[in-house]
Amino acid sequence: MDIDLVLALFAGALLVFAAFSTVLQRASLPGPLLCLGYGVLIGPHALGLLRTEDFGAPPGTLLEQAARVTLAVGLAGVALRLPHGYWRSGVRWIAVVIGLGMALMLVVATGVLWWGLGAPFLVALLVGAIITPTDPVVTTPVVTGSLAEERIPGRVRHNLSAESGINDGLAYLFVLLPVLLLTEPDRAWHELLATVLLREVLGAAAFGALSGYLLGRLFVLVREHGLMEDSSYLAFVVPLALVVLGAGGLLGTDSLLAVFVAVAVFGQVIPQRDEAQEDKVHDAVARLFLLPVFVLLGLALPVAEWARLGWAPPVVLGAALLLRRLVALWALRPLLRGVHDRSETFFLSWFGPIGISALFYAALAERRTGNPDVLAHTTLAITLSVLIHGLSTAPLSAWLRHRERERARKRQEEIVP
């Protein structure tokens with residue numbers, strides 16, 4: 001591998017996209033969409049400048065580990081983005097959308113895929129579980145930046161961020177069920193409850209909470225005693241996420257869930273002023289991790305396998321991608337009526353993008369089951385999501401701002417006849 005070529009191609013793209021980020025956002029051309037297209041352009045399907053094989057690792061392993069590290073940094077950004085006291089004020093949204101919404105989205109996605117693709121039920125269940133959770137990394141461009149702050153109410157941004165962080169970690173439980181049923185049918189339920197749920201998921205939550213609390217107290221202590229520079233806590237937070245990711249993996253837990261819980265607890269332990277000072281810097285660093293993975297995914301897109309699948313899978317996957325969230329949130333609207341109005345509910349029911357987390361779980365599932373169709377279908381779904389949700393971000397956020405202003409104007413007219 002020519003490292004100089006990789007640096008020039010990857011860093012050059014990031015430089016151009018950063019220089020014109022505001023213009024690109026307003027044109028509804030977010031970074032993930034552009035980087036995915038750029039990866040296709042420089043990859044074997046176009047210019048042939050780079051291939052995933054050039055990185056010296058099997059493509060599946062390369063994508064899985066790159067996605068895992070990117071998710072850890074992205075989840076840290078999501079957790080720190082939430083204001084102090086959010087977990088008390090947002091408990092209703094979290095309980096409904098995570099407790100009922102994920103299960104309903106899984107049912108809808110699996111039903112559409114099983115009926116539309118004609119795939120075996122367990123394969124449909126596996127792909128449905130992979131595309132169920134909203135991606136925390138791809139959601140970042142939707143809910144951060146000047147455009148998002150200008151157009152999208154804070155409660156919408158915070159609720160979407162919190163949901164995407166929690167459901168990404170809990171998706172591990174959803175994905176492992178069909179994986180175990182496909183690979184160890186006789187022991188699947190025992191393994192799911194005894195190993196996956198108790199040790200890997202609940203163990204991750206406990207380990208993450210303890211780690212986040214202790215590291216938060218350590219952060220406060222060293223700051224109070226002048227042992228740490230005041231300029232930035234970024235040098236503390238990114239290693240925190242990566243340490244918890246590695247330690248959680250060594251302990252055999254769902255390390256991504258551990259990272260989110262750890263940084264969420266850490267963010268509530270440290271003083272509010274410290275958190276507020278550097279959220280924007282951390283989001284910028286998270287995007288530096290995010291965008292190269294989409295270039296890498298563009299290099300690895302299985303275009304030949306997509307052609308072999310025919311025209312039906314894109315239609316079915318697109319339907320599953322959109323309907324799973326539209327059906328779930330509108331079905332649950334009676335429980336969320338006091339949280340969001342109809343305009344906000346529509347916005348939230350539309351923006352359930354998938355991306356890096358789906359890539360990670362698809363690569364993991366392919367490694368565990370040996371079924372290449374899972375990765376082919378998932379990368380196609382990711383590409384559709386990047387296109388659909390990326391191109392609709394600017395117009396729908398502008399529509400939501402217009403609706404908010406109309407509602408504020410009507411309230412003012414009612415107060416002042």
# chains A, B, ... in the order shown; residues from 1 in each chain; ligands from 1
call {"tool": "residues_around", "arguments": {"residues": "Leu364 in chain A", "least_positions_apart": "6", "cutoff": "9 Å", "atoms": "only C-alpha atoms", "output": "MDAnalysis selection string"}}
result
chainID A and resid 60:61 64
call {"tool": "write_last_selection", "arguments": {"atoms": "C-alpha atoms", "output": "short mmCIF file (atom, residue, chain, number, x, y, z; two decimals), in the first residue's frame"}}
result
data_model
loop_
_atom_site.label_atom_id
_atom_site.label_comp_id
_atom_site.auth_asym_id
_atom_site.auth_seq_id
_atom_site.Cartn_x
_atom_site.Cartn_y
_atom_site.Cartn_z
CA GLY A 60 -14.73 -7.64 5.94
CA THR A 61 -12.27 -7.34 8.82
CA GLU A 64 -15.72 -4.13 10.80
#
call {"tool": "closest_atom_pairs", "arguments": {"of": "range 265-380 of chain A", "to": "range 162-183 of chain A", "cutoff": "12 Å", "atoms": "only C-alpha atoms", "output": "CSV"}}
result
residue,atom,partner,partner_atom,distance
A:Leu348,CA,A:Glu163,CA,10.6
A:Phe351,CA,A:Ser164,CA,10.7
A:Gly352,CA,A:Ser164,CA,8.6
A:Pro353,CA,A:Ser164,CA,9.4
A:Ile354,CA,A:Ser164,CA,9.7
A:Gly355,CA,A:Asp168,CA,10.8
A:Ile356,CA,A:Asp168,CA,10.0
A:Ser357,CA,A:Asp168,CA,6.7
A:Ala358,CA,A:Asp168,CA,8.9
A:Leu359,CA,A:Asp168,CA,11.7
A:Phe360,CA,A:Tyr172,CA,10.3
A:Tyr361,CA,A:Val175,CA,7.3
A:Ala362,CA,A:Val175,CA,9.0
A:Ala363,CA,A:Val175,CA,11.5
A:Leu364,CA,A:Val175,CA,9.3
A:Ala365,CA,A:Val179,CA,6.5
A:Glu366,CA,A:Val179,CA,9.2
A:Arg367,CA,A:Val179,CA,10.1
A:Arg368,CA,A:Val179,CA,7.0
A:Thr369,CA,A:Thr183,CA,6.4
A:Gly370,CA,A:Thr183,CA,9.5
A:Asn371,CA,A:Leu182,CA,10.1
A:Val374,CA,A:Val179,CA,11.0
call {"tool": "closest_residue", "arguments": {"among": "A:Arg51, A:His389, A:Arg308, A:His340", "to": "Leu322 in chain A", "atoms": "only C-alpha atoms"}}
result
A:His389
call {"tool": "closest_residue", "arguments": {"among": "A:Ala66, A:Ala262, A:Val316, A:Val16", "to": "Leu214 in chain A", "atoms": "only C-alpha atoms"}}
result
A:Ala262
call {"tool": "residues_around", "arguments": {"residues": "Ala204 in chain A", "least_positions_apart": "6", "cutoff": "7 Å", "atoms": "only C-alpha atoms", "output": "list in words"}}
result
Gly248, Thr253, Asp254, Ser255, Leu257 and Ala258 of chain A
call {"tool": "atom_distance", "arguments": {"atom1": "CA of Leu75 in chain A", "atom2": "CA of Ile270 in chain A"}}
result
17.4 Å
call {"tool": "residues_around", "arguments": {"residues": "Val78 in chain A", "least_positions_apart": "2", "cutoff": "8 Å", "atoms": "only C-alpha atoms", "output": "PyMOL selection string"}}
result
chain A and resi 74-76+80-82+136+140+161-162+165
call {"tool": "write_last_selection", "arguments": {"atoms": "N, CA and C atoms", "output": "CSV table (one decimal), in the first residue's frame"}}
result
chain,number,residue,atom,x,y,z
A,74,GLY,N,-17.8,8.4,17.6
A,74,GLY,CA,-19.1,9.0,17.4
A,74,GLY,C,-20.1,8.9,18.5
A,75,LEU,N,-20.1,7.8,19.2
A,75,LEU,CA,-21.0,7.6,20.4
A,75,LEU,C,-20.5,8.5,21.5
A,76,ALA,N,-19.2,8.7,21.6
A,76,ALA,CA,-18.8,9.7,22.7
A,76,ALA,C,-19.3,11.1,22.4
A,80,LEU,N,-21.9,13.2,24.8
A,80,LEU,CA,-21.5,14.5,25.4
A,80,LEU,C,-22.4,15.7,24.9
A,81,ARG,N,-23.0,15.4,23.8
A,81,ARG,CA,-23.9,16.5,23.2
A,81,ARG,C,-25.2,16.7,24.0
A,82,LEU,N,-25.5,15.7,24.8
A,82,LEU,CA,-26.8,15.8,25.6
A,82,LEU,C,-26.6,16.7,26.8
A,136,PRO,N,-25.9,6.5,15.1
A,136,PRO,CA,-25.5,7.7,15.8
A,136,PRO,C,-24.5,8.6,15.1
A,140,THR,N,-25.2,12.6,13.2
A,140,THR,CA,-24.5,13.8,13.6
A,140,THR,C,-24.6,15.0,12.7
A,161,SER,N,-30.5,12.3,19.1
A,161,SER,CA,-29.2,11.9,19.5
A,161,SER,C,-29.2,10.8,20.5
A,162,ALA,N,-30.0,11.0,21.5
A,162,ALA,CA,-30.1,10.0,22.6
A,162,ALA,C,-30.6,8.6,22.1
A,165,GLY,N,-27.9,6.8,20.1
A,165,GLY,CA,-26.8,6.3,20.9
A,165,GLY,C,-27.2,5.0,21.7
call {"tool": "select_by_dssp", "arguments": {"residues": "range 12-149 of chain A", "states": "helix (DSSP H, G or I)", "output": "number ranges by chain"}}
result
A: 12-19, 21-26, 31-42, 52-55, 59-81, 86-89, 91-117, 121-131, 136-143, 146-149
call {"tool": "closest_residue", "arguments": {"among": "A:Trp330, A:Phe236, A:Phe207, A:Phe10", "to": "Leu104 in chain A", "atoms": "only C-alpha atoms"}}
result
A:Trp330
call {"tool": "closest_atom_pairs", "arguments": {"of": "range 1-27 of chain A", "to": "range 288-299 of chain A", "cutoff": "12 Å", "atoms": "only C-alpha atoms", "output": "Markdown table"}}
result
| residue | atom | partner | partner_atom | distance |
| --- | --- | --- | --- | --- |
| A:Val6 | CA | A:Pro292 | CA | 10.5 |
| A:Leu7 | CA | A:Pro292 | CA | 10.5 |
| A:Leu9 | CA | A:Val295 | CA | 9.6 |
| A:Phe10 | CA | A:Pro292 | CA | 6.6 |
| A:Ala11 | CA | A:Pro292 | CA | 8.6 |
| A:Gly12 | CA | A:Pro292 | CA | 10.9 |
| A:Ala13 | CA | A:Pro292 | CA | 9.0 |
| A:Leu14 | CA | A:Leu291 | CA | 7.4 |
| A:Leu15 | CA | A:Leu288 | CA | 10.1 |
| A:Phe17 | CA | A:Leu291 | CA | 9.6 |
| A:Ala18 | CA | A:Leu288 | CA | 9.6 |
call {"tool": "closest_residue", "arguments": {"among": "A:Arg26, A:His377, A:Arg88, A:Arg342", "to": "Glu305 in chain A", "atoms": "only C-alpha atoms"}}
result
A:His377
call {"tool": "residues_around", "arguments": {"residues": "Leu29 in chain A", "least_positions_apart": "4", "cutoff": "8 Å", "atoms": "only C-alpha atoms", "output": "VMD selection string"}}
result
chain A and resid 24 to 25 33 to 34 390 to 391
